[in-house]
Amino acid sequence: MSDQIQKFTVTIDGKTVQVDPGTTILNAARMIGGNVVPPAMCYYSSLKGSGGKCRTCLVEVSKGSEKDPRPMPKLVASCSTTVMDGMEVKNKSSEKVLDARKGVVEFLLINHPLDCPVCDQAGECHLQDLAFEHGVGQSRYEFERRTFDKVDLGEYIKLHMTRCILCYRCVYTANQLTDNREHGVLKRGDAAEISTFIEKNLHNDFIGNVIDVCPVGALTDKTFRFRSRVWYTKPMDASCSCDKCSGNAVLWMIGDEIARVTARKDQYGEVKEFICNDCRFNKKEKSQWNIEGPRKISRHSVISANHYEREIPKHTVLLNKA
Amino acid sequence: MARKLLLNNVHIEGIHTYDVYRKNGGYSAVEKALKTMSPDDIVEEVKKSGLRGRGGAGFPTGMKWSFLAKPEGVPRHLLCNADESEPGTFKDRYLMEKIPHLLIEGMILSSFALGANQSYIYIRGEYMFVLRIVEKAIAEAYANGWLGKNILGTGYDLDLSITPGAGAYICGEETALIESLEGKRGNPRMKPPFPAIQGLWQRPTVVNNVETIAAVVPIVNDGGDEYAKIGIGRSTGTKLISASGNVNKPGVYEIELGLSVEEFIYSDQYLGGMKNGKRLKACIPGGSSVPILPHYLVCKTANGEDRLMSYESLADGGFQSGSMLGSGGFIVYDEEQCIVRNTWNFARFYHHESCGQCSPCREGTGWMEKVLHRLEEGHGTLADIDLLWDIQRKIEGNTICPLGDAAAWPVAAAIRHFREEFEWHVNEPKESQIRNYGLVAEKSFQTENA
Amino acid sequence: MENNQRIELPQHLLDEVQRVISLFPEGKQKSALLRVLHIAQAHFGWLSVDVMDYVARLLHIQPIEVYEVATFYSMYDTQQVGKVKLEVCRTGPCMIEGAENIVNYIEKKLGIKDGETTADGMFTLKTVECLGACGYAPMLQAGEKFHEHLTEEKVDALIEAYRSNPVANYMGENQNG
């Protein structure tokens, strides 16, 4: 009987939870919620094979299991390490973890352009959040930063490789959501880049999802580019009848206009129902959608700064229309 | 006279050909094993031999083999790691070039022991000329019934082939090797699952170094106990050492583990001493990624004991005052060499070879290279030395695969032992461009050992 | 696209491709990719997009899978190179035995810098990382051949030899056979 499956007990930063065998430390932490959840820049639960790369979710396993209580010698990636019964994990309560994470944030930032003021992702950027929480105020990197030319991946998607942290999520998305992957990671080391190699347009009804899975502003929606800061928009849950996807989306409104359409993301920025390009890029009329109501956004998010229940100042709309 | 188990016949004219190899006792281990031993018997002999992985990590081979999952109906594979790319290491190339049938014989024995029927040798692409030698030898082995269906009428089938990489140090990491063998980029995989459970094509897989597999031949011929009699303590058997740098006779040597480092460097049987009568400045005993030792810690440990060519003795003192046997890439530096330049050179290597998958290695290796270059060129500051220390510290242990550690350790060890030389580059930037620093002062390690 | 028509390996190399594919189980033909790219590069001189697309068709895989691999491994040239590629090892043990002098000498002799090709399209000079000849340093690789214990005189001689017989990049076909 399924409810008789033995559960594993795992303790993270002193908080205990019972989980199914095979659960990763990260997902166990997410079941507890709150402060014990490590940040994750590359892991994406619905993308098979994702995770392990960014190293922001490193945690300390101070007790391996009830059977073998020895601590693990190195920090482990919580997104790809499964729990053992009786395991004890330290996230924020470990100096070692905080120090390593500070290092990872610094590594991710040394070649990042830090162009948040002109980046569409600002306000919903996971790297921005991560740097705010774990980074230091100053950079110790004194060399020229790596740069790439901006590339159009077709009509709707802009690739700004300079901002990319090589999480590989967009590659997994193309692999798992589309039939013919046309972009990938080319070259290697710190020269590695997301590219089609031959500057071709990405075609596929679901390729727009690479924008949603991108944790930074490397892949952005050209139909929304520079239209508005995200915190000046008003996110509304909406749905439409679509023969390709669920049609469940979020409309990001400026006044009465649909400025942008995205899939619905959970509190960890993950999409559970991917949407098709048609819903994302082409349905920009309110009449095409059934608006369900305001989207719940964490009050800690900068998106809530201009809370949607308040009137949006008129001049903002005008400025962005100009 | 020291015993040789792998290279004892290497001087024989034509030993790379099947006929000569066979005439000199070649393939007798396969006859013995397939006719008189069970696969588990071979695993048992390998366990008894105490053989440890010769690629660098030194993990007990028999134990590694015993981890191999054997689910019903799923093929399993043995892969030979011939991706030899660790700077300072060229022993596997020598073995394959000179006596390719020894590797093939070892592959047959090891594949039989593991129940593998399709095995591959993954060789670095730059060794294409070696690939052709081995490929020819494999064809000879097929032609003489040592490979293929029903070998020696025992019902055991084995297909063996050799396949090239194309220029990527990272493919020496076993999961990157597997990815590469699947025709992909050499990005190491997250572990677990380990290759023993899910390796090549998601099937149970063992990856062993060339020399490790070759050593199975004498182990089967003479028995694991005989093999274990050679060497010292847990460092059993013989080891191929690739020697390079400022010595009189660089090259590949087969030594009995436990030989003293002093004898290895200075005796005429081995390296014949320092070239041009210069003084020894430093030594990297196990390939570029292991810690460099300053002159006073090469032949003696910090406790004043003789340093031996063994896993334990070379590691004596931990990273404070020891190093590692690693792959046996033994690089010797004389007093004319600049440690800052050498460290920068290796940092450049690791930067070049990082796969770019995980952030500490992708970003950190390039950063270290740039800071080291600045120091080497005389434009560095004292703060740069601390910065380097901090960068390597934040890479080490935090990456997907050991390349991060391999990049961090040489930098850490260079700063640990040669800090005064780094500081001299900062304080005497002009002079550091025209002459070398010479030997560093001896330090005591008493407090660290306490 | 018209270009694609002209991209085709001769029969004996297609046979070799088939042999390499047959070394792997059914459906695992992608494992042959690295070797097939070596064969293609040796034959066509470098890996143009058309050549890589052709390899993708030979192995029934997506072109992006070929681009990803071809740009990862340092031996593949996705830009045109000279007929003879002189790849000088510059890593530690070669450096302390004078690799930098060898590079400088070749640069001066051929009038090109690291990474450049001579105007006549004959030689490309490239510095590379450890090639596993540390005990025989300094060294360079040309095609499949290792030239070890290099001196300026040896460099002179091998450049002359390659100038009159530039087979160095033709792996497998003209060498070691």
# chains A, B, ... in the order shown; residues from 1 in each chain; ligands from 1
$ interface_residues --of "chain A" --to "chain C" --cutoff "9 Å" --atoms "only C-alpha atoms" --output "ChimeraX atom specification"
/A:180-189,192,196-198
$ residues_around --residues "segment 258-272 of chain B" --least-positions-apart "3" --cutoff "7 Å" --atoms "only C-alpha atoms" --output "PDB file with N, CA and C atoms, in the first residue's frame"
ATOM      1  N   GLY B 231      56.814  -3.728  -3.643  1.00  0.00           N
ATOM      2  CA  GLY B 231      56.306  -2.455  -3.159  1.00  0.00           C
ATOM      3  C   GLY B 231      56.425  -2.322  -1.661  1.00  0.00           C
ATOM      4  N   ILE B 232      55.684  -1.370  -1.128  1.00  0.00           N
ATOM      5  CA  ILE B 232      55.794  -1.092   0.300  1.00  0.00           C
ATOM      6  C   ILE B 232      54.416  -0.748   0.851  1.00  0.00           C
ATOM      7  N   VAL B 247      66.403  17.210 -15.657  1.00  0.00           N
ATOM      8  CA  VAL B 247      67.215  16.075 -15.221  1.00  0.00           C
ATOM      9  C   VAL B 247      67.986  15.527 -16.421  1.00  0.00           C
ATOM     10  N   ASN B 248      68.988  14.699 -16.118  1.00  0.00           N
ATOM     11  CA  ASN B 248      69.824  14.196 -17.211  1.00  0.00           C
ATOM     12  C   ASN B 248      69.118  13.189 -18.106  1.00  0.00           C
ATOM     13  N   LYS B 249      68.264  12.358 -17.507  1.00  0.00           N
ATOM     14  CA  LYS B 249      67.646  11.314 -18.311  1.00  0.00           C
ATOM     15  C   LYS B 249      66.128  11.266 -18.135  1.00  0.00           C
ATOM     16  N   PRO B 250      65.429  12.244 -18.728  1.00  0.00           N
ATOM     17  CA  PRO B 250      63.968  12.178 -18.656  1.00  0.00           C
ATOM     18  C   PRO B 250      63.469  10.964 -19.436  1.00  0.00           C
ATOM     19  N   CYS B 299      63.275  15.018  -1.164  1.00  0.00           N
ATOM     20  CA  CYS B 299      63.893  13.740  -0.795  1.00  0.00           C
ATOM     21  C   CYS B 299      63.648  13.363   0.659  1.00  0.00           C
ATOM     22  N   ASP B 306      63.186   9.577   4.949  1.00  0.00           N
ATOM     23  CA  ASP B 306      63.378   9.497   3.501  1.00  0.00           C
ATOM     24  C   ASP B 306      62.024   9.520   2.794  1.00  0.00           C
ATOM     25  N   ARG B 307      61.924  10.320   1.777  1.00  0.00           N
ATOM     26  CA  ARG B 307      60.698  10.350   0.975  1.00  0.00           C
ATOM     27  C   ARG B 307      60.790   9.210  -0.036  1.00  0.00           C
ATOM     28  N   LEU B 308      59.737   8.419  -0.117  1.00  0.00           N
ATOM     29  CA  LEU B 308      59.742   7.270  -1.024  1.00  0.00           C
ATOM     30  C   LEU B 308      58.737   7.479  -2.146  1.00  0.00           C
ATOM     31  N   MET B 309      58.959   6.784  -3.248  1.00  0.00           N
ATOM     32  CA  MET B 309      58.000   6.797  -4.336  1.00  0.00           C
ATOM     33  C   MET B 309      56.877   5.820  -3.977  1.00  0.00           C
ATOM     34  N   SER B 310      55.929   6.302  -3.186  1.00  0.00           N
ATOM     35  CA  SER B 310      54.778   5.480  -2.820  1.00  0.00           C
ATOM     36  C   SER B 310      53.609   6.424  -2.565  1.00  0.00           C
TER      37      SER B 310
END
$ residues_around --residues "Glu335 of chain B" --least-positions-apart "4" --cutoff "9 Å" --atoms "only C-alpha atoms" --output "PyMOL selection string"
chain B and resi 278-282+436-439
$ write_last_selection --atoms "C-alpha atoms" --output "PDB file, in the first residue's frame"
ATOM      1  CA  LYS B 278      72.306  22.789 -11.232  1.00  0.00           C
ATOM      2  CA  ARG B 279      70.620  22.558  -7.875  1.00  0.00           C
ATOM      3  CA  LEU B 280      67.176  21.067  -7.390  1.00  0.00           C
ATOM      4  CA  LYS B 281      64.619  23.760  -6.733  1.00  0.00           C
ATOM      5  CA  ALA B 282      61.307  21.931  -6.709  1.00  0.00           C
ATOM      6  CA  ASN B 436      65.099  34.039 -11.338  1.00  0.00           C
ATOM      7  CA  TYR B 437      64.649  33.930  -7.632  1.00  0.00           C
ATOM      8  CA  GLY B 438      66.590  30.788  -6.835  1.00  0.00           C
ATOM      9  CA  LEU B 439      65.839  28.520  -3.927  1.00  0.00           C
TER      10      LEU B 439
END
$ closest_atom_pairs --of "chain B" --to "chain A" --cutoff "9 Å" --atoms "only C-alpha atoms" --output "CSV"
residue,atom,partner,partner_atom,distance
B:Arg185,CA,A:Arg188,CA,8.9
B:Arg189,CA,A:Gly52,CA,9.0
B:Met190,CA,A:Gly52,CA,6.6
B:Lys191,CA,A:Ser80,CA,8.3
B:Pro192,CA,A:Thr81,CA,7.7
B:His351,CA,A:Gly189,CA,7.0
B:His352,CA,A:Gly189,CA,6.8
B:Glu353,CA,A:Gly189,CA,6.8
B:Ser354,CA,A:Gly189,CA,4.7
B:Cys355,CA,A:Gly189,CA,4.6
B:Gly356,CA,A:Gly189,CA,3.6
B:Gln357,CA,A:Lys53,CA,5.9
B:Cys358,CA,A:Lys53,CA,4.3
B:Ser359,CA,A:Cys54,CA,5.4
B:Pro360,CA,A:Phe107,CA,5.9
B:Cys361,CA,A:Gly189,CA,8.2
B:Arg362,CA,A:Asp190,CA,5.2
B:Glu363,CA,A:Phe107,CA,5.5
B:Gly364,CA,A:Phe107,CA,6.4
B:Thr365,CA,A:Asp190,CA,8.8
B:Gly366,CA,A:Asp190,CA,7.4
B:Trp367,CA,A:Tyr141,CA,7.8
B:Lys370,CA,A:Phe143,CA,7.7
B:Val371,CA,A:Phe143,CA,8.9
B:Leu387,CA,A:Arg140,CA,8.2
B:Asp390,CA,A:Gly103,CA,8.9
B:Ile391,CA,A:Gly103,CA,7.9
B:Arg393,CA,A:Ala100,CA,9.0
B:Lys394,CA,A:Gly103,CA,5.7
B:Ile395,CA,A:Gly103,CA,8.1
B:Gly397,CA,A:Lys74,CA,6.0
B:Asn398,CA,A:Leu75,CA,6.7
B:Thr399,CA,A:Arg55,CA,7.2
B:Ile400,CA,A:Gly52,CA,7.1
$ write_last_selection --atoms "C-alpha atoms" --output "PDB file, in the first residue's frame"
ATOM      1  CA  ARG B 185      30.850  17.230 -25.284  1.00  0.00           C
ATOM      2  CA  ARG B 189      28.267  14.034 -15.088  1.00  0.00           C
ATOM      3  CA  MET B 190      26.836  14.604 -11.675  1.00  0.00           C
ATOM      4  CA  LYS B 191      27.566  11.720  -9.341  1.00  0.00           C
ATOM      5  CA  PRO B 192      25.627   9.755  -8.205  1.00  0.00           C
ATOM      6  CA  HIS B 351      41.669  27.575 -17.707  1.00  0.00           C
ATOM      7  CA  HIS B 352      42.011  26.224 -21.235  1.00  0.00           C
ATOM      8  CA  GLU B 353      40.770  22.796 -20.218  1.00  0.00           C
ATOM      9  CA  SER B 354      37.815  23.731 -18.012  1.00  0.00           C
ATOM     10  CA  CYS B 355      34.665  22.375 -19.620  1.00  0.00           C
ATOM     11  CA  GLY B 356      32.721  25.419 -18.473  1.00  0.00           C
ATOM     12  CA  GLN B 357      29.857  23.530 -16.990  1.00  0.00           C
ATOM     13  CA  CYS B 358      30.036  24.663 -13.372  1.00  0.00           C
ATOM     14  CA  SER B 359      30.629  28.212 -12.317  1.00  0.00           C
ATOM     15  CA  PRO B 360      33.547  28.030  -9.861  1.00  0.00           C
ATOM     16  CA  CYS B 361      35.790  26.277 -12.370  1.00  0.00           C
ATOM     17  CA  ARG B 362      34.567  28.111 -15.453  1.00  0.00           C
ATOM     18  CA  GLU B 363      35.053  31.555 -13.945  1.00  0.00           C
ATOM     19  CA  GLY B 364      37.676  30.854 -11.303  1.00  0.00           C
ATOM     20  CA  THR B 365      40.321  29.215 -13.485  1.00  0.00           C
ATOM     21  CA  GLY B 366      40.438  32.162 -15.877  1.00  0.00           C
ATOM     22  CA  TRP B 367      40.561  34.615 -13.034  1.00  0.00           C
ATOM     23  CA  LYS B 370      44.900  36.524 -15.172  1.00  0.00           C
ATOM     24  CA  VAL B 371      46.062  37.356 -11.646  1.00  0.00           C
ATOM     25  CA  LEU B 387      43.289  37.125  -3.731  1.00  0.00           C
ATOM     26  CA  ASP B 390      41.012  33.065  -1.798  1.00  0.00           C
ATOM     27  CA  ILE B 391      40.007  32.190  -5.365  1.00  0.00           C
ATOM     28  CA  ARG B 393      40.018  28.161  -1.855  1.00  0.00           C
ATOM     29  CA  LYS B 394      36.589  28.921  -3.282  1.00  0.00           C
ATOM     30  CA  ILE B 395      37.063  26.624  -6.259  1.00  0.00           C
ATOM     31  CA  GLY B 397      35.814  21.117  -3.368  1.00  0.00           C
ATOM     32  CA  ASN B 398      32.976  23.152  -4.827  1.00  0.00           C
ATOM     33  CA  THR B 399      32.964  21.887  -8.406  1.00  0.00           C
ATOM     34  CA  ILE B 400      31.242  19.013 -10.179  1.00  0.00           C
TER      35      ILE B 400
END
$ interface_residues --of "chain C" --to "chain B" --cutoff "9 Å" --atoms "only C-alpha atoms" --output "PyMOL selection string"
chain C and resi 20+23-24+28-35+38+65-66+68-76+90-97+129-137+141+143-146+171-172+175-176
$ select_by_dssp --residues "segment 158-247 of chain B" --states "strand (DSSP E)" --output "ChimeraX atom specification"
/B:158-164,205-209,231-232,235-236,238-245
$ write_last_selection --atoms "N, CA and C atoms" --output "CSV table (one decimal), in the first residue's frame"
chain,number,residue,atom,x,y,z
B,158,LEU,N,34.2,-11.4,-26.7
B,158,LEU,CA,34.6,-10.1,-26.4
B,158,LEU,C,34.9,-9.3,-27.7
B,159,ASP,N,34.3,-8.2,-27.8
B,159,ASP,CA,34.6,-7.2,-28.9
B,159,ASP,C,35.4,-6.1,-28.2
B,160,LEU,N,36.5,-5.7,-28.8
B,160,LEU,CA,37.3,-4.6,-28.3
B,160,LEU,C,37.7,-3.6,-29.4
B,161,SER,N,37.5,-2.4,-29.2
B,161,SER,CA,38.0,-1.4,-30.2
B,161,SER,C,38.5,-0.2,-29.5
B,162,ILE,N,39.2,0.6,-30.3
B,162,ILE,CA,39.8,1.9,-29.7
B,162,ILE,C,39.2,3.1,-30.4
B,163,THR,N,38.9,4.1,-29.7
B,163,THR,CA,38.2,5.2,-30.2
B,163,THR,C,38.9,6.5,-29.7
B,164,PRO,N,39.0,7.5,-30.6
B,164,PRO,CA,39.7,8.7,-30.1
B,164,PRO,C,38.9,9.8,-29.5
B,205,THR,N,29.3,0.3,-15.8
B,205,THR,CA,30.6,0.6,-16.5
B,205,THR,C,31.7,0.7,-15.6
B,206,VAL,N,32.8,0.1,-15.9
B,206,VAL,CA,34.1,0.4,-15.2
B,206,VAL,C,35.0,1.1,-16.1
B,207,VAL,N,35.7,2.1,-15.6
B,207,VAL,CA,36.7,2.9,-16.3
B,207,VAL,C,38.0,2.7,-15.6
B,208,ASN,N,39.0,2.2,-16.3
B,208,ASN,CA,40.3,2.0,-15.7
B,208,ASN,C,41.4,2.5,-16.6
B,209,ASN,N,42.5,3.0,-15.9
B,209,ASN,CA,43.6,3.6,-16.7
B,209,ASN,C,44.4,2.4,-17.4
B,231,GLY,N,56.8,-3.7,-3.6
B,231,GLY,CA,56.3,-2.5,-3.2
B,231,GLY,C,56.4,-2.3,-1.7
B,232,ILE,N,55.7,-1.4,-1.1
B,232,ILE,CA,55.8,-1.1,0.3
B,232,ILE,C,54.4,-0.7,0.9
B,235,SER,N,51.2,0.4,-1.0
B,235,SER,CA,51.6,0.8,-2.3
B,235,SER,C,52.3,-0.5,-2.9
B,236,THR,N,51.5,-1.3,-3.5
B,236,THR,CA,52.0,-2.6,-4.0
B,236,THR,C,52.4,-2.5,-5.5
B,238,THR,N,54.5,-2.4,-9.1
B,238,THR,CA,55.4,-1.4,-9.8
B,238,THR,C,54.6,-0.2,-10.3
B,239,LYS,N,55.2,0.8,-10.6
B,239,LYS,CA,54.5,2.0,-11.2
B,239,LYS,C,55.4,2.6,-12.3
B,240,LEU,N,54.7,3.0,-13.4
B,240,LEU,CA,55.4,3.7,-14.4
B,240,LEU,C,55.4,5.2,-14.0
B,241,ILE,N,56.6,5.7,-14.1
B,241,ILE,CA,56.8,7.1,-13.8
B,241,ILE,C,57.3,7.8,-15.1
B,242,SER,N,56.6,8.9,-15.4
B,242,SER,CA,57.0,9.7,-16.5
B,242,SER,C,57.9,10.9,-16.0
B,243,ALA,N,59.1,10.9,-16.3
B,243,ALA,CA,60.0,11.9,-15.7
B,243,ALA,C,60.3,13.0,-16.8
B,244,SER,N,60.2,14.2,-16.3
B,244,SER,CA,60.5,15.3,-17.3
B,244,SER,C,61.2,16.5,-16.5
B,245,GLY,N,61.6,17.5,-17.2
B,245,GLY,CA,62.2,18.6,-16.5
B,245,GLY,C,63.7,18.6,-16.6
$ select_by_dssp --residues "segment 71-307 of chain A" --states "alpha helix (DSSP H)" --output "ChimeraX atom specification"
/A:95-110,126-134,169-177,209-213,277
$ closest_residue --among "B:Phe194, B:Phe445, B:Tyr122, B:Trp146" --to "Asp316 of chain B" --atoms "only C-alpha atoms"
B:Phe445
$ residues_around --residues "Ser301 of chain A" --least-positions-apart "6" --cutoff "10 Å" --atoms "only C-alpha atoms" --output "ChimeraX atom specification"
/A:123-124,129,231
$ atom_distance --atom1 "atom CA of Lys275 of chain B" --atom2 "atom CA of Leu158 of chain C"
27.2 Å
